[in-house]
file model-v6.cif (mmCIF, C-alpha atoms)
data_start
loop_
_atom_site.label_atom_id
_atom_site.label_comp_id
_atom_site.auth_asym_id
_atom_site.auth_seq_id
_atom_site.Cartn_x
_atom_site.Cartn_y
_atom_site.Cartn_z
CA MET A 1 7.56 -10.46 -14.34
CA ARG A 2 5.47 -7.65 -15.80
CA ASP A 3 4.63 -10.04 -18.67
CA LEU A 4 3.35 -12.56 -16.13
CA LEU A 5 1.17 -9.88 -14.60
CA LEU A 6 -0.28 -8.89 -17.97
CA ARG A 7 -0.89 -12.50 -19.02
CA GLY A 8 -2.66 -13.18 -15.75
CA ALA A 9 -4.69 -10.02 -16.20
CA ALA A 10 -5.79 -11.08 -19.67
CA LEU A 11 -6.98 -14.46 -18.40
CA ALA A 12 -8.78 -12.92 -15.44
CA LEU A 13 -10.40 -10.27 -17.60
CA ALA A 14 -11.66 -12.89 -20.04
CA ALA A 15 -13.17 -14.87 -17.18
CA ALA A 16 -14.71 -11.76 -15.61
CA ALA A 17 -16.25 -10.67 -18.91
CA THR A 18 -18.46 -13.76 -18.97
CA SER A 19 -20.69 -12.35 -16.24
CA ALA A 20 -24.17 -11.64 -17.56
CA ALA A 21 -25.09 -9.45 -14.61
CA ALA A 22 -22.21 -7.00 -14.50
CA ALA A 23 -21.96 -4.39 -11.81
CA ASP A 24 -21.95 -0.72 -12.75
CA SER A 25 -19.84 2.24 -11.71
CA ARG A 26 -22.52 3.43 -9.25
CA HIS A 27 -22.69 0.02 -7.54
CA PRO A 28 -19.25 -1.52 -8.02
CA LEU A 29 -18.05 -4.87 -6.79
CA VAL A 30 -15.45 -4.60 -4.03
CA ILE A 31 -12.67 -7.16 -4.31
CA GLU A 32 -10.16 -7.23 -1.45
CA LEU A 33 -6.98 -9.26 -1.90
CA PHE A 34 -4.91 -10.16 1.15
CA GLN A 35 -1.39 -11.19 0.15
CA SER A 36 2.28 -10.91 1.02
CA GLN A 37 5.60 -10.63 -0.80
CA GLY A 38 6.80 -13.47 1.43
CA CYS A 39 4.17 -15.91 0.11
CA SER A 40 5.12 -17.98 -2.94
CA SER A 41 1.44 -18.52 -3.85
CA CYS A 42 0.64 -14.81 -4.01
CA PRO A 43 2.18 -13.59 -7.32
CA PRO A 44 -0.62 -15.18 -9.44
CA ALA A 45 -3.21 -13.49 -7.23
CA ASN A 46 -1.57 -10.12 -7.82
CA ALA A 47 -1.70 -10.85 -11.55
CA ASN A 48 -5.42 -11.65 -11.34
CA LEU A 49 -6.18 -8.44 -9.48
CA VAL A 50 -4.87 -6.20 -12.26
CA ALA A 51 -7.79 -7.17 -14.51
CA TRP A 52 -10.28 -6.03 -11.91
CA ALA A 53 -8.27 -2.88 -11.20
CA ARG A 54 -8.87 -1.77 -14.79
CA ARG A 55 -12.65 -2.04 -14.60
CA ASP A 56 -14.97 0.88 -13.85
CA ASP A 57 -17.51 -1.45 -12.22
CA ALA A 58 -15.11 -2.78 -9.58
CA ILE A 59 -12.96 -1.53 -6.75
CA ALA A 60 -9.89 -3.73 -6.38
CA LEU A 61 -7.99 -3.31 -3.12
CA ASN A 62 -4.64 -4.95 -2.48
CA PHE A 63 -3.89 -5.40 1.24
CA ALA A 64 -0.37 -6.53 2.18
CA VAL A 65 -0.36 -8.45 5.47
CA ASP A 66 2.55 -8.69 7.86
CA TYR A 67 2.42 -12.20 9.34
CA TRP A 68 4.84 -13.54 6.71
CA ASP A 69 7.48 -11.00 7.72
CA ALA A 70 9.14 -13.30 10.26
CA LEU A 71 9.99 -15.88 7.59
CA GLY A 72 12.86 -14.02 5.96
CA TRP A 73 11.41 -11.02 4.11
CA LYS A 74 9.60 -7.98 5.47
CA ASP A 75 6.81 -6.95 3.08
CA THR A 76 7.43 -3.39 1.93
CA PHE A 77 3.71 -2.48 1.89
CA ALA A 78 2.38 -4.41 4.90
CA LYS A 79 0.71 -2.75 7.87
CA PRO A 80 -0.73 -4.37 11.02
CA GLU A 81 -4.12 -2.73 10.41
CA PHE A 82 -4.41 -4.66 7.14
CA THR A 83 -3.74 -7.91 8.99
CA ALA A 84 -6.32 -6.86 11.57
CA ARG A 85 -8.89 -6.35 8.81
CA GLN A 86 -8.25 -9.82 7.45
CA SER A 87 -8.53 -11.30 10.94
CA ALA A 88 -11.88 -9.54 11.41
CA TYR A 89 -13.05 -11.12 8.15
CA ALA A 90 -11.95 -14.54 9.41
CA ARG A 91 -14.25 -14.12 12.41
CA ALA A 92 -17.12 -12.74 10.33
CA LEU A 93 -16.89 -15.51 7.72
CA GLY A 94 -16.48 -18.28 10.28
CA HIS A 95 -12.90 -19.22 9.38
CA GLY A 96 -10.58 -20.60 12.00
CA GLU A 97 -7.54 -18.83 10.60
CA VAL A 98 -6.29 -16.39 7.97
CA TYR A 99 -4.51 -17.39 4.76
CA THR A 100 -2.90 -15.93 1.66
CA PRO A 101 -3.75 -15.23 -1.04
CA GLN A 102 -7.36 -14.59 -0.01
CA ALA A 103 -9.83 -12.65 -2.16
CA ILE A 104 -13.02 -11.40 -0.50
CA VAL A 105 -15.89 -10.11 -2.63
CA ASN A 106 -18.31 -7.50 -1.23
CA GLY A 107 -17.41 -8.58 2.30
CA ARG A 108 -19.62 -11.64 1.85
CA ALA A 109 -17.57 -14.59 0.62
CA ASP A 110 -14.00 -15.54 -0.16
CA VAL A 111 -11.92 -17.67 -2.51
CA THR A 112 -8.25 -18.32 -3.10
CA GLY A 113 -7.16 -15.27 -5.05
CA ALA A 114 -4.73 -17.19 -7.26
CA ASP A 115 -7.51 -18.84 -9.31
CA ALA A 116 -8.90 -16.32 -11.82
CA ALA A 117 -11.84 -18.50 -12.87
CA GLU A 118 -12.84 -19.19 -9.27
CA LEU A 119 -12.75 -15.49 -8.47
CA ALA A 120 -14.81 -14.63 -11.56
CA ALA A 121 -17.39 -17.28 -10.60
CA LEU A 122 -17.72 -15.78 -7.14
CA THR A 123 -18.27 -12.30 -8.54
CA GLU A 124 -21.13 -13.65 -10.68
CA ARG A 125 -22.85 -15.08 -7.60
CA GLU A 126 -22.49 -12.05 -5.38
CA ASP A 127 -25.03 -9.23 -5.02
CA ARG A 128 -23.69 -6.05 -6.64
CA GLY A 129 -24.98 -3.90 -3.81
CA ALA A 130 -27.68 -2.09 -5.81
CA GLY A 131 -29.91 -2.05 -2.73
CA GLY A 132 -27.47 -0.02 -0.63
CA PRO A 133 -27.36 3.73 -0.10
CA GLU A 134 -26.02 6.09 -2.73
CA ALA A 135 -22.40 7.05 -2.15
CA ALA A 136 -20.30 9.81 -3.66
CA ILE A 137 -16.96 11.54 -3.14
CA GLU A 138 -17.00 15.28 -3.73
CA GLY A 139 -15.58 18.43 -2.21
CA GLY A 140 -13.13 16.57 -0.03
CA ALA A 141 -15.83 14.49 1.64
CA ALA A 142 -17.77 11.25 1.31
CA ARG A 143 -21.53 11.64 1.05
CA ILE A 144 -23.69 8.67 2.00
CA GLY A 145 -27.38 8.90 1.16
CA ALA A 146 -30.33 7.86 3.27
CA GLY A 147 -31.39 4.22 3.30
CA ALA A 148 -32.06 1.12 5.36
CA ALA A 149 -29.15 0.51 7.70
CA PRO A 150 -28.41 -2.90 9.22
CA VAL A 151 -28.84 -3.53 12.92
CA GLY A 152 -25.93 -1.82 14.64
CA GLY A 153 -25.34 0.46 11.68
CA ALA A 154 -22.52 0.36 9.16
CA ASP A 155 -18.90 1.44 9.28
CA VAL A 156 -17.70 3.94 6.70
CA TRP A 157 -14.15 3.16 5.62
CA LEU A 158 -11.64 5.05 3.55
CA ALA A 159 -9.16 2.84 1.69
CA ARG A 160 -6.55 4.95 -0.06
CA TYR A 161 -4.51 3.14 -2.71
CA ASP A 162 -1.90 3.51 -5.44
CA PRO A 163 -3.32 2.59 -8.88
CA ALA A 164 0.12 2.24 -10.47
CA ILE A 165 1.92 -1.05 -10.97
CA ARG A 166 4.70 -1.14 -8.38
CA GLU A 167 7.51 -3.66 -8.63
CA VAL A 168 9.51 -4.94 -5.68
CA ALA A 169 12.75 -6.93 -5.84
CA VAL A 170 12.42 -9.59 -3.13
CA LYS A 171 15.80 -10.60 -1.73
CA ARG A 172 14.88 -13.23 0.88
CA GLY A 173 12.15 -15.68 1.80
CA GLU A 174 10.00 -17.85 -0.47
CA ASN A 175 10.16 -15.36 -3.36
CA ALA A 176 13.87 -14.59 -3.09
CA GLY A 177 15.34 -13.41 -6.38
CA ARG A 178 11.99 -12.50 -7.92
CA ARG A 179 10.83 -9.06 -8.95
CA LEU A 180 7.13 -8.93 -8.03
CA PRO A 181 4.62 -6.46 -9.50
CA HIS A 182 1.67 -5.19 -7.45
CA VAL A 183 -1.34 -3.06 -8.37
CA ASP A 184 -3.82 -1.03 -6.28
CA ILE A 185 -1.72 -1.35 -3.14
CA VAL A 186 -3.61 0.11 -0.18
CA THR A 187 -1.50 2.67 1.65
CA ASP A 188 -3.99 3.75 4.34
CA LEU A 189 -7.18 2.36 5.87
CA VAL A 190 -9.20 4.79 8.00
CA ARG A 191 -12.59 4.34 9.67
CA LEU A 192 -14.46 7.59 9.01
CA GLY A 193 -17.46 6.90 11.23
CA ARG A 194 -20.78 5.10 11.53
CA TRP A 195 -23.75 5.32 9.14
CA ARG A 196 -27.14 4.59 10.71
CA GLY A 197 -29.51 5.25 7.82
CA ALA A 198 -29.72 9.04 7.62
CA ALA A 199 -27.88 10.95 4.91
CA GLU A 200 -24.44 11.90 6.21
CA ARG A 201 -21.23 13.59 5.15
CA PHE A 202 -17.77 12.42 6.23
CA GLU A 203 -14.69 14.58 5.78
CA LEU A 204 -11.73 12.89 4.08
CA PRO A 205 -8.15 13.49 5.22
CA PRO A 206 -6.03 15.32 2.64
CA LYS A 207 -4.22 13.14 0.15
CA PRO A 208 -0.46 13.07 0.70
CA ASP A 209 -0.03 12.25 -2.99
CA PRO A 210 -2.49 13.36 -5.71
CA ARG A 211 -1.80 10.15 -7.65
CA LEU A 212 -3.54 8.08 -5.00
CA VAL A 213 -7.18 6.96 -5.30
CA ASP A 214 -9.76 7.16 -2.51
CA ALA A 215 -12.27 4.35 -2.11
CA VAL A 216 -15.09 4.78 0.40
CA ILE A 217 -16.83 1.64 1.62
CA VAL A 218 -20.07 1.38 3.61
CA GLN A 219 -19.96 -1.94 5.43
CA ALA A 220 -22.17 -3.59 8.03
CA ALA A 221 -20.48 -3.35 11.41
CA GLY A 222 -18.13 -6.19 12.31
CA ASN A 223 -16.75 -6.64 8.78
CA GLY A 224 -20.14 -7.67 7.48
CA PRO A 225 -21.51 -7.31 3.94
CA ILE A 226 -20.52 -4.24 1.97
CA LEU A 227 -23.61 -2.13 1.28
CA ALA A 228 -22.16 0.55 -0.98
CA ALA A 229 -18.83 1.73 -2.33
CA VAL A 230 -17.41 4.49 -4.48
CA LYS A 231 -13.98 5.54 -5.74
CA ASP A 232 -12.59 8.79 -7.09
CA SER A 233 -9.88 9.28 -9.68
CA PRO A 234 -6.23 10.24 -9.28
CA GLU A 235 -5.51 13.89 -9.99
#

call {"tool": "encode", "arguments": {"input": "model-v6.cif", "output": "structure tokens"}}
result
Amino acid sequence: MRDLLLRGAALALAAAATSAAAADSRHPLVIELFQSQGCSSCPPANANLVAWARRDDAIALNFAVDYWDALGWKDTFAKPEFTARQSAYARALGHGEVYTPQAIVNGRADVTGADAAELAALTEREDRGAGGPEAAIEGGAARIGAGAAPVGGADVWLARYDPAIREVAVKRGENAGRRLPHVDIVTDLVRLGRWRGAAERFELPPKPDPRLVDAVIVQAAGNGPILAAVKDSPE
């Protein structure tokens, strides 16, 4: 199964490398994957995400949702707040329902996360967020610079995730008998506050595990477009 993940990563990385207008580490793309261990279509999407997880110019976030849990297997990483985030995106993007695997780029548009070429094409079309405020993580806090805020302001989110490849042996449901690898699994999602255009500082909760990575996202209220994002490094 790890070989499948690495093969998928190689294909996705090759597709992503074709972009002529790459993001940079100061203005990274934010790719959010919503998936479940109970969904038979999701393993290829997890494989695609690993390519983006390796890039300095992207923040890849893997959200496990819980609405597949009633079909025979309870996802070991799922939390209701991750499902709530996906549902908020469905409203913001004008979708009638949620689905897996769903990949959302910069909070602006979505594709089926299982298709590496389709995901790469979307990243080429999307604004890299260079017009947003400067963002940094330092001294146990997120610093958001001054800039033009959208009407209603922007939410400042902390997504804390595990950058390691984690494998799960699924015993029931659609993926019964498979050992599924995951990367950049989000462990916590916390709203730090509201940014309204002035430079601000937001304290970060202590990390329970120094191997985790903190990603801070500045996003128009109501799960709108992502204006800025930054990630730190595991200790």

call {"tool": "resolve_selection", "arguments": {"input": "model-v6.cif", "expression": "the PyMOL selection byres ((chain A and resi 99) around 12)", "output": "ChimeraX atom specification"}}
result
/A:33-36,39,41-42,64-68,83,86-87,89-90,95-98,100-104,110-113

call {"tool": "resolve_selection", "arguments": {"input": "model-v6.cif", "expression": "the PyMOL selection byres ((chain A and resi 54-61) around 7)", "output": "list in words"}}
result
Ala23, Asp24, Ser25, Pro28, Leu29, Val30, Ile31, Glu32, Leu33, Leu49, Val50, Ala51, Trp52, Ala53, Asn62, Phe63, Asp184, Ile185 and Val186 of chain A

call {"tool": "residues_around", "arguments": {"input": "model-v6.cif", "residues": "segment 135-140 of chain A", "least_positions_apart": "4", "cutoff": "7 Å", "atoms": "all atoms listed in the file", "output": "number ranges by chain"}}
result
A: 144-145, 203-204, 228-230, 232

call {"tool": "closest_residue", "arguments": {"input": "model-v6.cif", "among": "A:Lys79, A:Lys74, A:Arg125, A:Arg143", "to": "Lys231 of chain A", "atoms": "only C-alpha atoms"}}
result
A:Arg143

call {"tool": "atom_distance", "arguments": {"input": "model-v6.cif", "atom1": "atom CA of Gly197 of chain A", "atom2": "atom CA of Ala92 of chain A"}}
result
22.0 Å

call {"tool": "atom_distance", "arguments": {"input": "model-v6.cif", "atom1": "atom CA of Gly132 of chain A", "atom2": "atom CA of Glu200 of chain A"}}
result
14.1 Å

call {"tool": "resolve_selection", "arguments": {"input": "model-v6.cif", "expression": "the PyMOL selection byres ((chain A and resi 234) around 8)", "output": "NGL selection string"}}
result
:A and (210-213 or 232-233 or 235)

call {"tool": "closest_residue", "arguments": {"input": "model-v6.cif", "among": "A:Ala45, A:Ala221, A:Val168, A:Ala149", "to": "Ala88 of chain A", "atoms": "only C-alpha atoms"}}
result
A:Ala221

call {"tool": "residues_around", "arguments": {"input": "model-v6.cif", "residues": "Leu180 of chain A", "least_positions_apart": "2", "cutoff": "7 Å", "atoms": "all atoms listed in the file", "output": "MDAnalysis selection string"}}
result
chainID A and resid 1 43 167:169 178 182
